[in-house]
>>> print(open('model.txt').read())   # compact mmCIF, C-alpha atoms
# COMPACT_ATOMS: atom_id res chain seq x y z
CA MET A 1 -5.52 10.94 -20.05
CA ASN A 2 -7.75 9.72 -17.26
CA THR A 3 -6.66 7.18 -14.65
CA LEU A 4 -8.90 4.40 -15.95
CA THR A 5 -7.46 4.76 -19.47
CA VAL A 6 -3.89 4.72 -18.15
CA SER A 7 -4.63 1.67 -16.01
CA ALA A 8 -6.21 -0.18 -18.95
CA LEU A 9 -3.19 0.58 -21.13
CA VAL A 10 -0.79 -0.61 -18.42
CA CYS A 11 -2.73 -3.87 -17.98
CA ALA A 12 -2.77 -4.46 -21.74
CA MET A 13 0.97 -3.85 -21.98
CA MET A 14 1.72 -6.24 -19.13
CA ALA A 15 -0.53 -8.93 -20.58
CA LEU A 16 1.17 -8.74 -23.98
CA THR A 17 4.76 -8.57 -22.81
CA GLY A 18 4.70 -10.56 -19.57
CA ALA A 19 7.20 -8.41 -17.68
CA ALA A 20 6.56 -5.06 -19.27
CA VAL A 21 8.48 -2.00 -18.19
CA LEU A 22 6.60 1.28 -17.85
CA THR A 23 8.50 4.15 -19.43
CA GLY A 24 7.91 7.83 -20.03
CA GLU A 25 6.23 10.52 -18.00
CA ILE A 26 3.04 9.84 -16.09
CA ALA A 27 0.90 12.76 -15.01
CA LYS A 28 1.29 13.41 -11.31
CA LYS A 29 -2.34 14.39 -10.81
CA ASP A 30 -3.67 11.24 -12.48
CA LEU A 31 -1.57 8.61 -10.71
CA MET A 32 -0.34 10.50 -7.67
CA VAL A 33 3.28 9.67 -8.60
CA PRO A 34 5.63 12.35 -7.26
CA ALA A 35 7.19 14.58 -9.93
CA LYS A 36 10.76 13.54 -9.04
CA SER A 37 9.72 9.89 -8.86
CA HIS A 38 11.38 7.03 -10.55
CA VAL A 39 8.25 5.72 -12.24
CA VAL A 40 7.04 2.48 -10.65
CA LYS A 41 8.30 -0.27 -12.91
CA ARG A 42 7.87 -3.94 -13.59
CA SER A 43 11.31 -5.48 -13.80
CA ALA A 44 13.16 -8.75 -13.76
CA SER A 45 14.19 -7.88 -10.17
CA CYS A 46 10.68 -8.59 -8.90
CA PRO A 47 8.99 -11.92 -9.61
CA GLY A 48 5.59 -12.50 -11.22
CA ARG A 49 2.95 -9.94 -10.29
CA TRP A 50 5.26 -7.94 -8.02
CA THR A 51 6.09 -4.32 -8.91
CA SER A 52 9.44 -2.70 -8.11
CA SER A 53 9.87 0.70 -6.50
CA ASN A 54 12.44 2.30 -4.24
CA GLY A 55 14.48 -0.94 -3.91
CA ARG A 56 11.54 -3.14 -2.94
CA CYS A 57 8.87 -5.26 -4.60
CA PHE A 58 5.17 -4.58 -3.90
CA ARG A 59 2.08 -6.70 -4.55
CA TYR A 60 -1.62 -5.97 -4.08
CA ASN A 61 -3.84 -8.76 -2.77
CA PRO A 62 -7.53 -8.04 -3.49
CA LYS A 63 -8.80 -10.87 -1.26
CA PRO A 64 -10.29 -9.43 1.96
CA MET A 65 -8.49 -10.81 5.03
CA THR A 66 -7.95 -9.81 8.62
CA TRP A 67 -4.70 -7.91 9.26
CA ALA A 68 -3.05 -11.00 10.82
CA ARG A 69 -4.04 -13.29 7.93
CA ALA A 70 -2.87 -10.67 5.43
CA GLU A 71 0.51 -10.47 7.22
CA LYS A 72 0.77 -14.27 7.28
CA ASN A 73 -0.02 -14.34 3.54
CA CYS A 74 2.74 -11.79 2.84
CA VAL A 75 5.23 -13.75 4.95
CA ALA A 76 4.38 -16.90 2.96
CA MET A 77 5.37 -14.96 -0.19
CA GLY A 78 8.70 -13.88 1.33
CA GLY A 79 7.69 -10.43 2.57
CA ASN A 80 5.51 -8.55 5.04
CA LEU A 81 2.59 -6.19 4.84
CA ALA A 82 4.07 -3.06 3.26
CA SER A 83 5.84 -0.52 5.41
CA VAL A 84 5.66 3.05 4.13
CA ARG A 85 8.99 4.74 4.78
CA ASP A 86 8.47 7.97 2.84
CA VAL A 87 6.18 9.74 0.39
CA GLU A 88 7.69 7.76 -2.51
CA ASP A 89 6.66 4.49 -0.85
CA TYR A 90 3.20 5.93 -0.18
CA HIS A 91 2.73 6.76 -3.86
CA ALA A 92 4.20 3.41 -4.95
CA VAL A 93 1.71 1.52 -2.75
CA GLN A 94 -1.14 3.64 -4.11
CA TRP A 95 0.05 2.91 -7.67
CA VAL A 96 0.12 -0.85 -6.99
CA ILE A 97 -3.44 -0.71 -5.65
CA MET A 98 -4.67 1.50 -8.53
CA SER A 99 -3.03 -0.54 -11.27
CA SER A 100 -4.56 -3.75 -9.92
CA SER A 101 -8.01 -2.60 -8.82
CA HIS A 102 -8.50 0.50 -11.03
CA GLU A 103 -9.38 2.57 -7.95
CA TYR A 104 -7.79 3.67 -4.69
CA LYS A 105 -9.21 0.83 -2.60
CA GLU A 106 -8.72 0.78 1.15
CA ALA A 107 -6.07 -1.79 2.08
CA TRP A 108 -4.05 -3.12 5.00
CA ILE A 109 -0.43 -2.10 5.27
CA GLY A 110 2.02 -3.29 7.92
CA GLY A 111 1.55 -0.78 10.75
CA SER A 112 0.29 -1.87 14.15
CA ASP A 113 0.21 -0.56 17.73
CA ALA A 114 -1.10 -3.84 19.19
CA GLN A 115 2.01 -4.29 21.35
CA GLU A 116 1.62 -0.90 23.08
CA GLU A 117 -1.03 1.76 22.48
CA ASN A 118 0.20 4.69 20.33
CA GLN A 119 3.58 3.00 19.70
CA TRP A 120 3.22 2.25 16.00
CA LEU A 121 5.56 -0.35 14.50
CA TRP A 122 5.99 -1.81 11.02
CA SER A 123 5.70 -5.60 10.79
CA ASP A 124 8.96 -5.73 8.77
CA GLY A 125 10.89 -3.92 11.53
CA ALA A 126 11.44 -0.69 9.54
CA PRO A 127 11.53 2.55 11.57
CA PHE A 128 8.08 4.18 11.80
CA HIS A 129 8.97 7.78 10.81
CA TYR A 130 6.71 8.73 7.88
CA THR A 131 2.95 8.98 8.53
CA ASN A 132 -0.10 10.04 6.56
CA TRP A 133 -2.86 9.89 9.18
CA CYS A 134 -6.28 11.30 8.38
CA PRO A 135 -7.35 14.24 10.58
CA ARG A 136 -8.03 13.13 14.18
CA GLU A 137 -6.46 9.70 13.56
CA PRO A 138 -5.42 7.36 15.06
CA ASN A 139 -8.41 7.49 17.40
CA ASN A 140 -9.48 3.98 18.53
CA VAL A 141 -13.14 4.64 17.65
CA HIS A 142 -15.40 1.60 18.27
CA GLY A 143 -12.93 -0.02 20.64
CA LYS A 144 -9.40 -1.19 20.06
CA GLN A 145 -8.11 -0.20 16.63
CA ASN A 146 -4.57 -1.47 16.40
CA CYS A 147 -3.98 -1.98 12.67
CA LEU A 148 -3.15 0.46 9.89
CA HIS A 149 -5.48 0.85 6.92
CA MET A 150 -4.68 3.18 4.00
CA ASN A 151 -6.71 5.06 1.36
CA HIS A 152 -9.36 5.96 3.91
CA GLY A 153 -11.99 8.53 2.93
CA ALA A 154 -11.69 11.36 0.44
CA GLY A 155 -8.15 12.21 1.60
CA LYS A 156 -6.87 8.68 0.85
CA CYS A 157 -5.05 8.89 4.16
CA TRP A 158 -4.40 6.44 7.01
CA ASP A 159 -6.88 5.20 9.59
CA ASP A 160 -6.48 2.88 12.55
CA LEU A 161 -8.95 0.03 12.28
CA GLN A 162 -9.92 -3.09 14.21
CA CYS A 163 -7.53 -5.83 13.06
CA SER A 164 -10.42 -8.29 12.65
CA VAL A 165 -11.90 -6.30 9.74
CA ARG A 166 -11.43 -8.06 6.40
CA SER A 167 -9.72 -5.91 3.78
CA PRO A 168 -7.46 -6.18 0.71
CA SER A 169 -3.76 -5.70 1.46
CA VAL A 170 -0.37 -4.74 0.02
CA CYS A 171 2.75 -6.84 0.59
CA ALA A 172 6.35 -5.72 0.19
CA LYS A 173 9.68 -7.54 0.09
CA LYS A 174 13.29 -6.75 -0.66
CA MET A 175 14.44 -7.03 -4.26
>>> encode(input="model.txt", output="structure tokens")
Amino acid sequence: MNTLTVSALVCAMMALTGAAVLTGEIAKKDLMVPAKSHVVKRSASCPGRWTSSNGRCFRYNPKPMTWARAEKNCVAMGGNLASVRDVEDYHAVQWVIMSSSHEYKEAWIGGSDAQEENQWLWSDGAPFHYTNWCPREPNNVHGKQNCLHMNHGAGKCWDDLQCSVRSPSVCAKKM
């Protein structure tokens, strides 16, 4: 089953049931969900258009904003730009983007080294241990690039980008 078909089915299910729960196996190669994954689910634990995974709720915002405005928007909804703590979080954030936009769109997540160059921090205070940088990144090309952008290029990896660039974003909050 191709990704577009799966995404369309998921959207239809959610529209018909309100807070639908995804069940069953999802092909790893189609959705980039790890084989041992607990499938990303909609649940009563996360409100509205938030999706639960790994003890947190995630939400994709398609409206292009600067990194700071995207963070402020997430804070207004009770969260922060998403921190990515491990490969499960990485795949969960990709799933949230894919299920909303039907493609792996580039998006802001909560990493920044604006306070001190090459000292990357998550806006929610989580430890910055897991990374998925693209080759030769972070690199500060075109001046100061202090904000973390994901799904960059063919590798769908991380890139440092100027924080003033307008991009969609992913928020996360505790369940």
>>> closest_residue(input="model.txt", among="A:Glu117, A:Gly153, A:Glu103, A:Lys174", to="A:Arg59", atoms="all atoms listed in the file")
A:Lys174
>>> closest_residue(input="model.txt", among="A:Cys57, A:Cys134, A:Val93, A:Cys74", to="A:Ala154", atoms="all atoms listed in the file")
A:Cys134
>>> closest_residue(input="model.txt", among="A:His152, A:Met98, A:Gly125, A:Lys144", to="A:Ser164", atoms="all atoms listed in the file")
A:Lys144
>>> closest_residue(input="model.txt", among="A:Ala114, A:Cys147, A:Ala68, A:Ala92", to="A:Gln162", atoms="all atoms listed in the file")
A:Cys147
>>> closest_residue(input="model.txt", among="A:His129, A:His91, A:Arg56, A:Arg85", to="A:Asn151", atoms="only C-alpha atoms")
A:His91
>>> atom_distance(input="model.txt", atom1="atom CA of A:Phe58", atom2="atom CA of A:Glu116")
27.5 Å
>>> atom_distance(input="model.txt", atom1="atom CA of A:Ser53", atom2="atom CA of A:Lys105")
19.5 Å
>>> closest_residue(input="model.txt", among="A:Met77, A:Asn146, A:Ala107, A:Trp95", to="A:Gln119", atoms="only C-alpha atoms")
A:Asn146
>>> residues_around(input="model.txt", residues="A:Asp113", least_positions_apart="5", cutoff="12 Å", atoms="only C-alpha atoms", output="PyMOL selection string")
chain A and resi 118-123+128+138-140+144-148+160-163
>>> residues_near_point(input="model.txt", point="(14.0, -15.9, -7.6)", cutoff="12 Å", atoms="only C-alpha atoms", output="JSON, numbers by chain")
{"A": [44, 45, 46, 47, 48, 50, 77, 78, 174, 175]}
>>> atom_distance(input="model.txt", atom1="atom CA of A:Val170", atom2="atom CA of A:Leu81")
5.8 Å
>>> decode(input="model.txt", residues="stretch 115-155 of chain A", atoms="N, CA and C atoms", output="PDB file, in the first residue's frame")
ATOM      1  N   GLN A 115      22.116  30.409  21.852  1.00  0.00           N
ATOM      2  CA  GLN A 115      22.730  30.879  23.095  1.00  0.00           C
ATOM      3  C   GLN A 115      24.248  30.780  23.031  1.00  0.00           C
ATOM      4  N   GLU A 116      24.753  29.687  22.421  1.00  0.00           N
ATOM      5  CA  GLU A 116      26.197  29.489  22.259  1.00  0.00           C
ATOM      6  C   GLU A 116      26.419  28.586  21.058  1.00  0.00           C
ATOM      7  N   GLU A 117      27.266  29.014  20.146  1.00  0.00           N
ATOM      8  CA  GLU A 117      27.512  28.275  18.909  1.00  0.00           C
ATOM      9  C   GLU A 117      27.938  26.828  19.198  1.00  0.00           C
ATOM     10  N   ASN A 118      27.304  25.902  18.485  1.00  0.00           N
ATOM     11  CA  ASN A 118      27.558  24.456  18.575  1.00  0.00           C
ATOM     12  C   ASN A 118      27.160  23.829  19.905  1.00  0.00           C
ATOM     13  N   GLN A 119      26.412  24.551  20.733  1.00  0.00           N
ATOM     14  CA  GLN A 119      25.849  23.991  21.967  1.00  0.00           C
ATOM     15  C   GLN A 119      24.340  23.900  21.769  1.00  0.00           C
ATOM     16  N   TRP A 120      23.898  22.811  21.154  1.00  0.00           N
ATOM     17  CA  TRP A 120      22.493  22.659  20.794  1.00  0.00           C
ATOM     18  C   TRP A 120      21.660  22.302  22.013  1.00  0.00           C
ATOM     19  N   LEU A 121      20.532  22.995  22.147  1.00  0.00           N
ATOM     20  CA  LEU A 121      19.593  22.807  23.250  1.00  0.00           C
ATOM     21  C   LEU A 121      18.185  22.626  22.688  1.00  0.00           C
ATOM     22  N   TRP A 122      17.358  21.888  23.415  1.00  0.00           N
ATOM     23  CA  TRP A 122      15.935  21.782  23.064  1.00  0.00           C
ATOM     24  C   TRP A 122      15.168  22.856  23.820  1.00  0.00           C
ATOM     25  N   SER A 123      14.201  23.477  23.195  1.00  0.00           N
ATOM     26  CA  SER A 123      13.433  24.558  23.819  1.00  0.00           C
ATOM     27  C   SER A 123      12.623  24.077  25.019  1.00  0.00           C
ATOM     28  N   ASP A 124      12.342  22.757  25.114  1.00  0.00           N
ATOM     29  CA  ASP A 124      11.599  22.233  26.262  1.00  0.00           C
ATOM     30  C   ASP A 124      12.519  21.798  27.406  1.00  0.00           C
ATOM     31  N   GLY A 125      13.833  21.981  27.246  1.00  0.00           N
ATOM     32  CA  GLY A 125      14.780  21.644  28.295  1.00  0.00           C
ATOM     33  C   GLY A 125      15.244  20.196  28.298  1.00  0.00           C
ATOM     34  N   ALA A 126      14.762  19.371  27.374  1.00  0.00           N
ATOM     35  CA  ALA A 126      15.181  17.969  27.303  1.00  0.00           C
ATOM     36  C   ALA A 126      16.673  17.888  26.955  1.00  0.00           C
ATOM     37  N   PRO A 127      17.355  16.838  27.422  1.00  0.00           N
ATOM     38  CA  PRO A 127      18.765  16.663  27.040  1.00  0.00           C
ATOM     39  C   PRO A 127      18.890  16.472  25.525  1.00  0.00           C
ATOM     40  N   PHE A 128      19.915  17.046  24.927  1.00  0.00           N
ATOM     41  CA  PHE A 128      20.131  16.979  23.486  1.00  0.00           C
ATOM     42  C   PHE A 128      21.140  15.864  23.211  1.00  0.00           C
ATOM     43  N   HIS A 129      20.648  14.599  23.195  1.00  0.00           N
ATOM     44  CA  HIS A 129      21.524  13.444  22.988  1.00  0.00           C
ATOM     45  C   HIS A 129      21.394  12.866  21.587  1.00  0.00           C
ATOM     46  N   TYR A 130      20.169  12.636  21.128  1.00  0.00           N
ATOM     47  CA  TYR A 130      19.929  12.047  19.806  1.00  0.00           C
ATOM     48  C   TYR A 130      20.072  13.129  18.747  1.00  0.00           C
ATOM     49  N   THR A 131      20.723  12.800  17.622  1.00  0.00           N
ATOM     50  CA  THR A 131      20.790  13.725  16.487  1.00  0.00           C
ATOM     51  C   THR A 131      20.603  12.954  15.185  1.00  0.00           C
ATOM     52  N   ASN A 132      20.207  13.668  14.167  1.00  0.00           N
ATOM     53  CA  ASN A 132      20.063  13.091  12.831  1.00  0.00           C
ATOM     54  C   ASN A 132      20.495  14.133  11.790  1.00  0.00           C
ATOM     55  N   TRP A 133      21.675  14.713  11.991  1.00  0.00           N
ATOM     56  CA  TRP A 133      22.171  15.748  11.092  1.00  0.00           C
ATOM     57  C   TRP A 133      22.447  15.183   9.706  1.00  0.00           C
ATOM     58  N   CYS A 134      22.186  15.974   8.695  1.00  0.00           N
ATOM     59  CA  CYS A 134      22.594  15.648   7.332  1.00  0.00           C
ATOM     60  C   CYS A 134      24.125  15.696   7.276  1.00  0.00           C
ATOM     61  N   PRO A 135      24.730  15.052   6.282  1.00  0.00           N
ATOM     62  CA  PRO A 135      26.187  15.132   6.149  1.00  0.00           C
ATOM     63  C   PRO A 135      26.666  16.598   6.101  1.00  0.00           C
ATOM     64  N   ARG A 136      27.752  16.880   6.798  1.00  0.00           N
ATOM     65  CA  ARG A 136      28.370  18.200   6.872  1.00  0.00           C
ATOM     66  C   ARG A 136      27.473  19.256   7.534  1.00  0.00           C
ATOM     67  N   GLU A 137      26.540  18.827   8.343  1.00  0.00           N
ATOM     68  CA  GLU A 137      25.685  19.740   9.118  1.00  0.00           C
ATOM     69  C   GLU A 137      25.944  19.496  10.602  1.00  0.00           C
ATOM     70  N   PRO A 138      25.705  20.470  11.446  1.00  0.00           N
ATOM     71  CA  PRO A 138      25.362  21.856  11.163  1.00  0.00           C
ATOM     72  C   PRO A 138      26.576  22.615  10.625  1.00  0.00           C
ATOM     73  N   ASN A 139      26.322  23.603   9.754  1.00  0.00           N
ATOM     74  CA  ASN A 139      27.441  24.248   9.063  1.00  0.00           C
ATOM     75  C   ASN A 139      27.394  25.773   9.005  1.00  0.00           C
ATOM     76  N   ASN A 140      26.326  26.412   9.434  1.00  0.00           N
ATOM     77  CA  ASN A 140      26.220  27.875   9.412  1.00  0.00           C
ATOM     78  C   ASN A 140      26.421  28.500   8.039  1.00  0.00           C
ATOM     79  N   VAL A 141      26.046  27.808   6.968  1.00  0.00           N
ATOM     80  CA  VAL A 141      26.134  28.375   5.625  1.00  0.00           C
ATOM     81  C   VAL A 141      25.226  29.609   5.548  1.00  0.00           C
ATOM     82  N   HIS A 142      25.619  30.601   4.792  1.00  0.00           N
ATOM     83  CA  HIS A 142      24.858  31.849   4.608  1.00  0.00           C
ATOM     84  C   HIS A 142      24.684  32.607   5.924  1.00  0.00           C
ATOM     85  N   GLY A 143      25.667  32.587   6.765  1.00  0.00           N
ATOM     86  CA  GLY A 143      25.592  33.348   8.009  1.00  0.00           C
ATOM     87  C   GLY A 143      25.123  32.501   9.176  1.00  0.00           C
ATOM     88  N   LYS A 144      24.654  33.158  10.189  1.00  0.00           N
ATOM     89  CA  LYS A 144      24.225  32.467  11.405  1.00  0.00           C
ATOM     90  C   LYS A 144      23.017  31.585  11.140  1.00  0.00           C
ATOM     91  N   GLN A 145      23.176  30.322  11.415  1.00  0.00           N
ATOM     92  CA  GLN A 145      22.077  29.348  11.320  1.00  0.00           C
ATOM     93  C   GLN A 145      21.963  28.687  12.681  1.00  0.00           C
ATOM     94  N   ASN A 146      21.025  29.163  13.468  1.00  0.00           N
ATOM     95  CA  ASN A 146      20.928  28.730  14.856  1.00  0.00           C
ATOM     96  C   ASN A 146      19.695  27.902  15.185  1.00  0.00           C
ATOM     97  N   CYS A 147      18.885  27.542  14.195  1.00  0.00           N
ATOM     98  CA  CYS A 147      17.651  26.823  14.476  1.00  0.00           C
ATOM     99  C   CYS A 147      17.588  25.518  13.690  1.00  0.00           C
ATOM    100  N   LEU A 148      16.934  24.524  14.282  1.00  0.00           N
ATOM    101  CA  LEU A 148      16.932  23.173  13.736  1.00  0.00           C
ATOM    102  C   LEU A 148      15.697  22.910  12.872  1.00  0.00           C
ATOM    103  N   HIS A 149      15.963  22.470  11.670  1.00  0.00           N
ATOM    104  CA  HIS A 149      14.958  22.186  10.643  1.00  0.00           C
ATOM    105  C   HIS A 149      15.072  20.711  10.313  1.00  0.00           C
ATOM    106  N   MET A 150      13.968  19.987  10.197  1.00  0.00           N
ATOM    107  CA  MET A 150      14.058  18.559   9.869  1.00  0.00           C
ATOM    108  C   MET A 150      13.450  18.247   8.512  1.00  0.00           C
ATOM    109  N   ASN A 151      13.699  17.040   8.036  1.00  0.00           N
ATOM    110  CA  ASN A 151      13.251  16.542   6.723  1.00  0.00           C
ATOM    111  C   ASN A 151      13.933  17.284   5.578  1.00  0.00           C
ATOM    112  N   HIS A 152      15.186  17.617   5.781  1.00  0.00           N
ATOM    113  CA  HIS A 152      15.954  18.344   4.772  1.00  0.00           C
ATOM    114  C   HIS A 152      16.489  17.378   3.714  1.00  0.00           C
ATOM    115  N   GLY A 153      16.323  17.733   2.460  1.00  0.00           N
ATOM    116  CA  GLY A 153      16.906  16.976   1.349  1.00  0.00           C
ATOM    117  C   GLY A 153      16.406  15.551   1.222  1.00  0.00           C
ATOM    118  N   ALA A 154      17.093  14.792   0.385  1.00  0.00           N
ATOM    119  CA  ALA A 154      16.684  13.417   0.101  1.00  0.00           C
ATOM    120  C   ALA A 154      16.804  12.524   1.327  1.00  0.00           C
ATOM    121  N   GLY A 155      17.733  12.827   2.229  1.00  0.00           N
ATOM    122  CA  GLY A 155      17.925  12.010   3.423  1.00  0.00           C
ATOM    123  C   GLY A 155      16.920  12.269   4.526  1.00  0.00           C
TER     124      GLY A 155
END
